[in-house]
$ cat my_file.cif   # mmCIF, C-alpha atoms and all ligand atoms
data_structure
loop_
_atom_site.label_atom_id
_atom_site.label_comp_id
_atom_site.auth_asym_id
_atom_site.auth_seq_id
_atom_site.Cartn_x
_atom_site.Cartn_y
_atom_site.Cartn_z
CA MET A 1 0.00 0.00 0.00
CA TYR A 2 2.81 2.37 0.90
CA LYS A 3 4.57 1.65 -2.38
CA LYS A 4 1.31 2.13 -4.29
CA ASN A 5 0.71 5.39 -2.39
CA GLU A 6 -2.54 3.93 -1.06
CA PRO A 7 -3.43 5.41 2.36
CA ILE A 8 -3.23 2.83 5.16
CA ALA A 9 -6.32 2.70 7.42
CA MET A 10 -5.59 1.73 11.01
CA LEU A 11 -7.93 1.69 14.01
CA THR A 12 -7.59 0.65 17.62
CA ALA A 13 -9.46 -2.33 19.04
CA HIS A 14 -9.34 -3.39 22.66
CA ASP A 15 -11.43 -6.56 22.79
CA PHE A 16 -13.14 -9.22 20.67
CA PRO A 17 -16.18 -7.22 19.47
CA SER A 18 -14.26 -4.03 18.69
CA ALA A 19 -11.67 -6.07 16.76
CA TYR A 20 -14.37 -8.01 14.93
CA VAL A 21 -16.11 -4.84 13.74
CA ALA A 22 -12.85 -3.12 12.74
CA ASP A 23 -11.76 -6.13 10.72
CA SER A 24 -15.22 -6.56 9.15
CA ALA A 25 -15.21 -2.88 8.15
CA GLY A 26 -12.01 -3.46 6.19
CA MET A 27 -9.32 -1.93 8.39
CA ASP A 28 -5.85 -2.64 7.01
CA MET A 29 -4.30 -2.60 10.47
CA VAL A 30 -5.67 -2.96 13.99
CA LEU A 31 -3.77 -1.49 16.91
CA VAL A 32 -4.27 -2.77 20.43
CA GLY A 33 -3.12 0.55 21.84
CA ASP A 34 -2.45 1.23 25.49
CA SER A 35 -5.19 3.87 25.12
CA LEU A 36 -7.01 0.77 26.40
CA ALA A 37 -6.13 2.04 29.88
CA MET A 38 -8.15 5.22 29.55
CA VAL A 39 -10.98 4.45 27.15
CA ALA A 40 -11.75 0.85 28.11
CA LEU A 41 -10.39 0.30 31.64
CA GLY A 42 -11.26 3.71 33.11
CA MET A 43 -7.71 4.54 34.23
CA ASN A 44 -6.54 8.16 34.45
CA ASP A 45 -3.69 7.75 31.99
CA THR A 46 -1.96 5.00 30.04
CA ASN A 47 0.77 4.40 32.60
CA ALA A 48 -1.08 1.99 34.87
CA VAL A 49 -1.80 -0.63 32.23
CA THR A 50 0.43 -3.71 32.56
CA LEU A 51 1.97 -6.15 30.12
CA ASP A 52 -0.40 -8.83 31.47
CA ASP A 53 -3.35 -6.53 30.66
CA MET A 54 -1.99 -6.03 27.15
CA VAL A 55 -1.50 -9.76 26.63
CA LEU A 56 -5.12 -10.45 27.65
CA HIS A 57 -6.56 -7.75 25.41
CA CYS A 58 -4.27 -8.47 22.44
CA ARG A 59 -5.27 -12.12 22.65
CA SER A 60 -8.97 -11.28 22.49
CA VAL A 61 -8.33 -9.00 19.51
CA THR A 62 -6.31 -11.52 17.50
CA ARG A 63 -9.04 -14.11 18.09
CA ALA A 64 -11.45 -11.87 16.19
CA VAL A 65 -9.29 -10.55 13.38
CA ARG A 66 -9.25 -12.47 10.10
CA SER A 67 -7.56 -10.12 7.70
CA ALA A 68 -6.07 -6.99 9.31
CA PHE A 69 -2.45 -6.80 10.47
CA VAL A 70 -2.48 -6.60 14.29
CA VAL A 71 -0.04 -4.46 16.26
CA GLY A 72 0.17 -4.60 20.07
CA ASP A 73 1.45 -1.75 22.23
CA LEU A 74 4.28 -2.31 24.68
CA PRO A 75 2.97 -0.59 27.82
CA MET A 76 5.02 1.69 30.04
CA GLY A 77 7.44 -0.30 32.17
CA SER A 78 7.69 -3.22 29.77
CA TYR A 79 10.55 -2.03 27.52
CA GLU A 80 12.42 0.99 28.92
CA ILE A 81 14.84 -0.73 31.30
CA ASN A 82 17.00 -2.26 28.60
CA PRO A 83 16.66 -3.81 25.11
CA GLN A 84 16.57 -7.31 26.63
CA GLN A 85 13.45 -6.40 28.61
CA ALA A 86 11.87 -5.05 25.40
CA VAL A 87 12.67 -8.28 23.54
CA GLN A 88 11.20 -10.39 26.36
CA SER A 89 8.00 -8.32 26.49
CA SER A 90 7.64 -8.36 22.70
CA ILE A 91 8.06 -12.13 22.62
CA ARG A 92 5.21 -12.43 25.13
CA LEU A 93 2.92 -10.35 22.93
CA VAL A 94 3.78 -12.48 19.90
CA LYS A 95 3.77 -15.94 21.53
CA GLU A 96 0.91 -15.51 24.00
CA ALA A 97 -1.25 -12.97 22.18
CA HIS A 98 -0.37 -13.63 18.53
CA VAL A 99 0.18 -10.02 17.45
CA GLN A 100 2.14 -9.52 14.25
CA ALA A 101 4.13 -6.50 15.42
CA VAL A 102 4.69 -4.40 18.52
CA LYS A 103 4.61 -0.64 18.94
CA LEU A 104 6.75 1.33 21.35
CA GLU A 105 7.02 5.01 22.14
CA GLY A 106 10.35 6.74 21.59
CA GLY A 107 12.82 8.03 19.02
CA VAL A 108 16.61 8.39 19.13
CA ASP A 109 16.76 7.19 22.76
CA PHE A 110 15.04 3.92 21.85
CA ALA A 111 16.95 3.12 18.65
CA SER A 112 18.97 0.33 20.28
CA THR A 113 15.76 -1.11 21.75
CA ILE A 114 14.06 -1.14 18.35
CA LYS A 115 17.14 -2.77 16.84
CA ALA A 116 17.11 -5.51 19.48
CA VAL A 117 13.42 -6.30 18.96
CA THR A 118 13.63 -6.34 15.17
CA THR A 119 16.78 -8.48 15.39
CA ALA A 120 14.67 -10.98 17.34
CA GLY A 121 12.41 -11.14 14.28
CA ILE A 122 9.58 -9.03 15.66
CA PRO A 123 8.45 -6.12 13.47
CA VAL A 124 8.35 -2.78 15.30
CA VAL A 125 6.13 0.27 14.82
CA ALA A 126 7.76 3.30 16.44
CA HIS A 127 5.73 6.16 17.92
CA ILE A 128 7.09 9.73 18.09
CA GLY A 129 5.74 13.23 18.63
CA LEU A 130 3.24 13.25 21.48
CA THR A 131 4.06 10.06 23.34
CA PRO A 132 1.31 9.68 25.98
CA GLN A 133 3.41 7.40 28.21
CA ARG A 134 5.78 10.36 28.68
CA GLN A 135 3.07 12.97 29.23
CA ASN A 136 4.59 13.93 32.60
CA ALA A 137 7.95 14.65 30.97
CA LEU A 138 6.28 16.48 28.06
CA GLY A 139 4.22 18.69 30.37
CA GLY A 140 0.91 17.05 29.47
CA PHE A 141 -0.84 16.04 26.26
CA ARG A 142 0.69 18.72 24.02
CA ALA A 143 1.30 18.95 20.29
CA GLN A 144 4.97 18.48 19.40
CA GLY A 145 7.22 19.89 16.67
CA LYS A 146 5.71 23.35 16.70
CA THR A 147 9.09 25.11 16.65
CA VAL A 148 11.97 24.68 14.20
CA ALA A 149 14.04 23.00 16.91
CA GLY A 150 11.11 20.76 17.83
CA ALA A 151 10.51 19.79 14.19
CA LEU A 152 14.22 19.04 13.69
CA LYS A 153 14.16 16.81 16.78
CA LEU A 154 11.19 14.92 15.32
CA LEU A 155 13.01 14.41 12.03
CA GLU A 156 16.04 13.15 13.95
CA ASP A 157 13.79 10.74 15.88
CA ALA A 158 12.13 9.57 12.66
CA TYR A 159 15.46 8.86 10.97
CA ALA A 160 16.73 7.07 14.08
CA VAL A 161 13.76 4.68 14.32
CA GLN A 162 13.90 4.01 10.57
CA GLU A 163 17.62 3.20 10.74
CA ALA A 164 17.02 1.01 13.79
CA GLY A 165 14.65 -1.15 11.74
CA ALA A 166 11.13 0.09 12.53
CA PHE A 167 8.90 -0.72 9.56
CA MET A 168 6.44 2.08 10.31
CA VAL A 169 6.23 5.11 12.57
CA VAL A 170 3.23 6.72 14.25
CA LEU A 171 3.37 10.53 14.27
CA GLU A 172 1.09 11.88 17.00
CA ALA A 173 -0.04 15.49 17.45
CA ILE A 174 2.34 17.18 15.04
CA PRO A 175 1.56 20.10 12.68
CA ALA A 176 0.43 18.70 9.32
CA GLU A 177 3.15 20.51 7.38
CA ILE A 178 5.94 19.03 9.53
CA ALA A 179 4.45 15.52 9.37
CA ALA A 180 4.20 15.78 5.57
CA ILE A 181 7.86 16.81 5.25
CA ILE A 182 8.98 14.00 7.57
CA THR A 183 6.85 11.51 5.61
CA LYS A 184 8.53 12.57 2.34
CA LYS A 185 12.00 12.19 3.85
CA LEU A 186 11.43 8.62 5.12
CA ARG A 187 11.40 5.32 3.24
CA ILE A 188 8.98 3.71 5.73
CA PRO A 189 5.29 4.62 6.09
CA THR A 190 4.08 7.15 8.64
CA ILE A 191 0.75 6.73 10.39
CA GLY A 192 -0.71 10.01 11.55
CA ILE A 193 -2.92 10.75 14.51
CA GLY A 194 -3.41 14.49 14.72
CA ALA A 195 -0.69 14.90 12.09
CA GLY A 196 -2.65 15.93 8.99
CA ASP A 197 -3.27 14.29 5.65
CA GLY A 198 0.34 14.14 4.45
CA CYS A 199 1.05 10.88 6.29
CA SER A 200 1.04 7.46 4.64
CA GLY A 201 -1.99 6.42 6.70
CA GLN A 202 -4.13 7.34 9.68
CA VAL A 203 -5.02 5.83 13.03
CA LEU A 204 -7.80 6.77 15.46
CA VAL A 205 -9.01 5.37 18.76
CA GLN A 206 -12.18 3.41 17.98
CA ILE A 207 -14.12 4.42 21.09
CA ASP A 208 -13.49 8.08 20.24
CA MET A 209 -14.35 7.96 16.53
CA THR A 210 -17.49 5.85 17.03
CA GLY A 211 -18.74 8.22 19.74
CA ASN A 212 -18.94 5.54 22.42
CA PHE A 213 -18.86 8.00 25.34
CA PRO A 214 -21.31 10.39 27.03
CA SER A 215 -21.57 13.95 25.81
CA GLY A 216 -19.29 16.44 27.53
CA ARG A 217 -16.17 14.28 27.44
CA HIS A 218 -13.05 16.13 26.27
CA LEU A 219 -11.78 14.94 22.90
CA PRO A 220 -8.48 15.82 21.22
CA LYS A 221 -9.11 18.24 18.32
CA PHE A 222 -8.04 15.69 15.70
CA VAL A 223 -10.86 13.26 16.54
CA LYS A 224 -13.73 13.15 14.08
CA LYS A 225 -16.88 11.49 15.41
CA TYR A 226 -18.15 9.14 12.69
CA ALA A 227 -20.97 7.54 14.68
CA ASN A 228 -22.95 7.89 17.89
CA VAL A 229 -22.61 4.47 19.49
CA TRP A 230 -23.24 5.80 23.01
CA GLU A 231 -26.63 7.31 22.11
CA GLU A 232 -27.70 4.22 20.19
CA SER A 233 -26.65 1.86 23.03
CA LYS A 234 -28.30 4.06 25.65
CA ARG A 235 -31.52 4.25 23.65
CA GLY A 236 -31.64 0.46 23.37
CA ILE A 237 -30.79 -0.14 27.04
CA GLU A 238 -33.42 2.39 28.18
CA GLN A 239 -36.04 0.67 26.03
CA TYR A 240 -35.03 -2.73 27.46
CA ARG A 241 -35.38 -1.36 31.02
CA GLU A 242 -38.82 0.03 30.20
CA GLU A 243 -39.98 -3.27 28.68
CA VAL A 244 -38.73 -5.27 31.68
CA LYS A 245 -40.58 -2.91 34.02
CA ASN A 246 -43.84 -3.05 32.03
CA ARG A 247 -43.46 -6.80 31.31
CA SER A 248 -43.58 -6.39 27.53
CA TYR A 249 -40.20 -8.16 27.37
CA PRO A 250 -39.82 -11.09 26.99
CA ALA A 251 -42.66 -11.61 24.49
CA LYS A 252 -43.83 -15.02 23.29
CA GLU A 253 -41.28 -15.11 20.45
CA HIS A 254 -38.44 -14.89 23.00
CA THR A 255 -39.49 -18.05 24.84
CA TYR A 256 -39.19 -21.79 24.17
CA ALA A 257 -42.22 -23.76 22.98
CA ILE A 258 -43.61 -26.74 24.94
CA ASP A 259 -46.52 -29.05 24.32
CA GLU A 260 -49.57 -27.77 26.27
CA GLU A 261 -50.26 -31.31 27.45
CA HIS A 262 -46.82 -31.41 29.19
CA VAL A 263 -47.56 -28.14 30.96
CA ALA A 264 -50.96 -29.38 32.15
CA GLN A 265 -49.45 -32.62 33.44
CA PHE A 266 -46.63 -30.77 35.17
CA GLN A 267 -49.15 -28.42 36.80
CA ARG A 268 -51.22 -31.40 38.04
CA LEU A 269 -48.12 -33.01 39.59
CA VAL A 270 -47.08 -29.80 41.29
CA ASP A 271 -50.59 -29.31 42.67
CA GLU A 272 -50.74 -32.91 43.92
CA GLN A 273 -47.38 -32.52 45.61
CA SER A 274 -48.42 -29.32 47.37
CA SER A 275 -51.66 -30.80 48.64
CA LYS A 276 -49.74 -33.87 49.91
CA ASN A 277 -47.23 -31.59 51.69
CA SER A 278 -50.01 -29.56 53.32
CA GLN A 279 -51.67 -32.77 54.65
CA GLU A 280 -48.44 -34.00 56.29
O1 LIG A 301 -2.58 3.73 22.46
C1 LIG A 301 -3.04 4.06 21.36
O2 LIG A 301 -4.22 3.86 21.05
C2 LIG A 301 -2.12 4.70 20.44
C3 LIG A 301 -2.69 5.41 19.27
C4 LIG A 301 -3.40 6.61 19.72
C5 LIG A 301 -1.66 5.72 18.24
O3 LIG A 301 -0.94 4.69 20.66
#
$ encode --input "my_file.cif" --output "structure tokens"
Amino acid sequence: MYKKNEPIAMLTAHDFPSAYVADSAGMDMVLVGDSLAMVALGMNDTNAVTLDDMVLHCRSVTRAVRSAFVVGDLPMGSYEINPQQAVQSSIRLVKEAHVQAVKLEGGVDFASTIKAVTTAGIPVVAHIGLTPQRQNALGGFRAQGKTVAGALKLLEDAYAVQEAGAFMVVLEAIPAEIAAIITKKLRIPTIGIGAGDGCSGQVLVQIDMTGNFPSGRHLPKFVKKYANVWEESKRGIEQYREEVKNRSYPAKEHTYAIDEEHVAQFQRLVDEQSSKNSQE
């Protein structure tokens, strides 16, 4: 696709149904991102999610996916200590959860880590720009590369991960013009999230883009809401509640048929038993 200049469509999935729908809708790539922590597990940021959590969720995603290429995120704490730790964690995601590649956050500083993981035969997607696992060091969820020095640093990071063997790089929250220039300079695809249309492909968080959250939640400015899953689910659940309360659910078509004769006989037996019990 990259060689044919065909945009690559990537979406996150965090469990079996979200992976099933993403794959059925024709996604080229599915990312089991550590955004899982915030959008699916209710954590405050991505840092609390563990490698065990990622293995569980990646496994449920790969069970559902038939055609998309599945990438699993290495969560914070599973790859930073040294390249050996990164290789061990990546092997877990491949062997236990059957992902086809891993993603890790970092540029120049993680080149040797990327090299070690790719040398072990595991494809790596790098992630530069806004790297949510380092939000404390970055001063929060802020766009990156907005100054000349910042943009040059991003280019340096992009070259470093490419040279280290990453086959793709996610560019997050970067001005579109800078992302487009970086994309042109690389010989591996870039996947943008908040990085404009000059990237080789795009990724979004499924729960955000399908609108599976109540109104009033803060959304990054790059998110486009393509559906209103929350409203549709809520409408259905409210109707279910109403029908349980007014006994219109379950209706006859939701129950199992039985011969009337069997019911009558059963009723007779129950009645006989109760009258026997009351005589004793
Ligand atoms: O964790 C995630 O979902 C991600 C994407 C936002 C790129 O890293």
$ residues_around --input "my_file.cif" --residues "stretch 10-24 of chain A" --least-positions-apart "4" --cutoff "12 Å" --atoms "all atoms listed in the file" --output "JSON, numbers by chain"
{"A": [28, 29, 30, 31, 32, 33, 34, 35, 36, 37, 38, 39, 40, 41, 53, 54, 55, 56, 57, 58, 59, 60, 61, 62, 63, 64, 65, 66, 67, 68, 69, 70, 71, 72, 73, 170, 190, 191, 192, 193, 200, 201, 202, 203, 204, 205, 206, 207, 208, 209, 210, 212, 229]}
$ atom_distance --input "my_file.cif" --atom1 "atom CA of A:Gln100" --atom2 "atom CA of A:Tyr79"
17.4 Å
$ closest_residue --input "my_file.cif" --among "A:Arg92, A:Asn47, A:Leu171, A:Phe110" --to "A:Ile122" --atoms "all atoms listed in the file"
A:Arg92
$ atom_distance --input "my_file.cif" --atom1 "atom CA of A:Ile128" --atom2 "atom CA of A:Gly106"
5.6 Å
$ residues_around --input "my_file.cif" --residues "stretch 182-189 of chain A" --least-positions-apart "5" --cutoff "12 Å" --atoms "all atoms listed in the file" --output "PyMOL selection string"
chain A and resi 1-9+124-129+145+151-171+174-177+195-202
$ build_atoms --input "my_file.cif" --residues "stretch 234-245 of chain A" --atoms "all heavy atoms" --output "JSON list (two decimals), in the frame of the given file"
[["chain", "number", "residue", "atom", "x", "y", "z"],
["A", 234, "LYS", "N", -27.50, 3.56, 24.52],
["A", 234, "LYS", "CA", -28.30, 4.06, 25.65],
["A", 234, "LYS", "C", -29.79, 3.96, 25.31],
["A", 234, "LYS", "O", -30.59, 3.52, 26.13],
["A", 234, "LYS", "CB", -27.90, 5.51, 25.94],
["A", 234, "LYS", "CG", -28.47, 6.06, 27.20],
["A", 234, "LYS", "CD", -27.63, 7.23, 27.68],
["A", 234, "LYS", "CE", -28.32, 7.98, 28.79],
["A", 234, "LYS", "NZ", -29.29, 8.97, 28.28],
["A", 235, "ARG", "N", -30.12, 4.33, 24.06],
["A", 235, "ARG", "CA", -31.52, 4.25, 23.65],
["A", 235, "ARG", "C", -32.02, 2.81, 23.78],
["A", 235, "ARG", "O", -33.08, 2.55, 24.35],
["A", 235, "ARG", "CB", -31.64, 4.73, 22.18],
["A", 235, "ARG", "CG", -33.04, 4.93, 21.68],
["A", 235, "ARG", "CD", -33.10, 4.87, 20.17],
["A", 235, "ARG", "NE", -32.54, 3.64, 19.61],
["A", 235, "ARG", "CZ", -33.08, 2.44, 19.70],
["A", 235, "ARG", "NH1", -34.22, 2.27, 20.35],
["A", 235, "ARG", "NH2", -32.48, 1.38, 19.17],
["A", 236, "GLY", "N", -31.24, 1.87, 23.31],
["A", 236, "GLY", "CA", -31.64, 0.46, 23.37],
["A", 236, "GLY", "C", -31.75, -0.03, 24.81],
["A", 236, "GLY", "O", -32.70, -0.75, 25.17],
["A", 237, "ILE", "N", -30.79, 0.34, 25.64],
["A", 237, "ILE", "CA", -30.79, -0.14, 27.04],
["A", 237, "ILE", "C", -31.97, 0.47, 27.81],
["A", 237, "ILE", "O", -32.63, -0.21, 28.60],
["A", 237, "ILE", "CB", -29.43, 0.16, 27.70],
["A", 237, "ILE", "CG1", -28.32, -0.66, 27.03],
["A", 237, "ILE", "CG2", -29.47, -0.16, 29.20],
["A", 237, "ILE", "CD1", -26.90, -0.25, 27.38],
["A", 238, "GLU", "N", -32.27, 1.75, 27.52],
["A", 238, "GLU", "CA", -33.42, 2.39, 28.18],
["A", 238, "GLU", "C", -34.73, 1.71, 27.78],
["A", 238, "GLU", "O", -35.61, 1.49, 28.62],
["A", 238, "GLU", "CB", -33.47, 3.89, 27.82],
["A", 238, "GLU", "CG", -32.46, 4.69, 28.61],
["A", 238, "GLU", "CD", -32.31, 6.13, 28.13],
["A", 238, "GLU", "OE1", -32.87, 6.47, 27.07],
["A", 238, "GLU", "OE2", -31.61, 6.90, 28.80],
["A", 239, "GLN", "N", -34.81, 1.34, 26.50],
["A", 239, "GLN", "CA", -36.04, 0.67, 26.03],
["A", 239, "GLN", "C", -36.16, -0.71, 26.69],
["A", 239, "GLN", "O", -37.25, -1.13, 27.12],
["A", 239, "GLN", "CB", -36.01, 0.54, 24.52],
["A", 239, "GLN", "CG", -37.31, -0.04, 23.98],
["A", 239, "GLN", "CD", -37.31, -0.15, 22.46],
["A", 239, "GLN", "OE1", -36.49, 0.47, 21.77],
["A", 239, "GLN", "NE2", -38.23, -0.93, 21.94],
["A", 240, "TYR", "N", -35.04, -1.41, 26.81],
["A", 240, "TYR", "CA", -35.03, -2.73, 27.46],
["A", 240, "TYR", "C", -35.52, -2.59, 28.91],
["A", 240, "TYR", "O", -36.39, -3.34, 29.36],
["A", 240, "TYR", "CB", -33.61, -3.30, 27.41],
["A", 240, "TYR", "CG", -33.34, -4.44, 28.36],
["A", 240, "TYR", "CD1", -33.97, -5.67, 28.21],
["A", 240, "TYR", "CD2", -32.44, -4.28, 29.42],
["A", 240, "TYR", "CE1", -33.73, -6.71, 29.09],
["A", 240, "TYR", "CE2", -32.18, -5.31, 30.30],
["A", 240, "TYR", "CZ", -32.84, -6.53, 30.13],
["A", 240, "TYR", "OH", -32.59, -7.54, 31.01],
["A", 241, "ARG", "N", -34.98, -1.59, 29.62],
["A", 241, "ARG", "CA", -35.38, -1.36, 31.02],
["A", 241, "ARG", "C", -36.90, -1.15, 31.10],
["A", 241, "ARG", "O", -37.59, -1.76, 31.93],
["A", 241, "ARG", "CB", -34.65, -0.14, 31.57],
["A", 241, "ARG", "CG", -35.02, 0.17, 32.99],
["A", 241, "ARG", "CD", -34.44, 1.50, 33.47],
["A", 241, "ARG", "NE", -34.82, 1.72, 34.86],
["A", 241, "ARG", "CZ", -35.98, 2.21, 35.24],
["A", 241, "ARG", "NH1", -36.90, 2.55, 34.34],
["A", 241, "ARG", "NH2", -36.25, 2.35, 36.52],
["A", 242, "GLU", "N", -37.40, -0.29, 30.21],
["A", 242, "GLU", "CA", -38.82, 0.03, 30.20],
["A", 242, "GLU", "C", -39.66, -1.24, 29.98],
["A", 242, "GLU", "O", -40.63, -1.48, 30.67],
["A", 242, "GLU", "CB", -39.03, 1.04, 29.05],
["A", 242, "GLU", "CG", -40.39, 1.68, 28.94],
["A", 242, "GLU", "CD", -40.81, 2.35, 30.23],
["A", 242, "GLU", "OE1", -39.94, 2.89, 30.93],
["A", 242, "GLU", "OE2", -42.02, 2.28, 30.54],
["A", 243, "GLU", "N", -39.20, -2.07, 29.03],
["A", 243, "GLU", "CA", -39.98, -3.27, 28.68],
["A", 243, "GLU", "C", -39.91, -4.33, 29.78],
["A", 243, "GLU", "O", -40.84, -5.11, 29.94],
["A", 243, "GLU", "CB", -39.51, -3.83, 27.33],
["A", 243, "GLU", "CG", -39.85, -2.89, 26.19],
["A", 243, "GLU", "CD", -39.57, -3.47, 24.82],
["A", 243, "GLU", "OE1", -39.23, -4.66, 24.72],
["A", 243, "GLU", "OE2", -39.71, -2.70, 23.85],
["A", 244, "VAL", "N", -38.79, -4.35, 30.53],
["A", 244, "VAL", "CA", -38.73, -5.27, 31.68],
["A", 244, "VAL", "C", -39.72, -4.78, 32.73],
["A", 244, "VAL", "O", -40.50, -5.56, 33.29],
["A", 244, "VAL", "CB", -37.30, -5.34, 32.26],
["A", 244, "VAL", "CG1", -37.28, -6.07, 33.61],
["A", 244, "VAL", "CG2", -36.36, -6.04, 31.28],
["A", 245, "LYS", "N", -39.70, -3.48, 32.98],
["A", 245, "LYS", "CA", -40.58, -2.91, 34.02],
["A", 245, "LYS", "C", -42.05, -3.09, 33.67],
["A", 245, "LYS", "O", -42.87, -3.32, 34.55],
["A", 245, "LYS", "CB", -40.27, -1.42, 34.22],
["A", 245, "LYS", "CG", -38.86, -1.15, 34.72],
["A", 245, "LYS", "CD", -38.74, -1.46, 36.19],
["A", 245, "LYS", "CE", -37.32, -1.25, 36.68],
["A", 245, "LYS", "NZ", -37.11, -1.71, 38.04]]
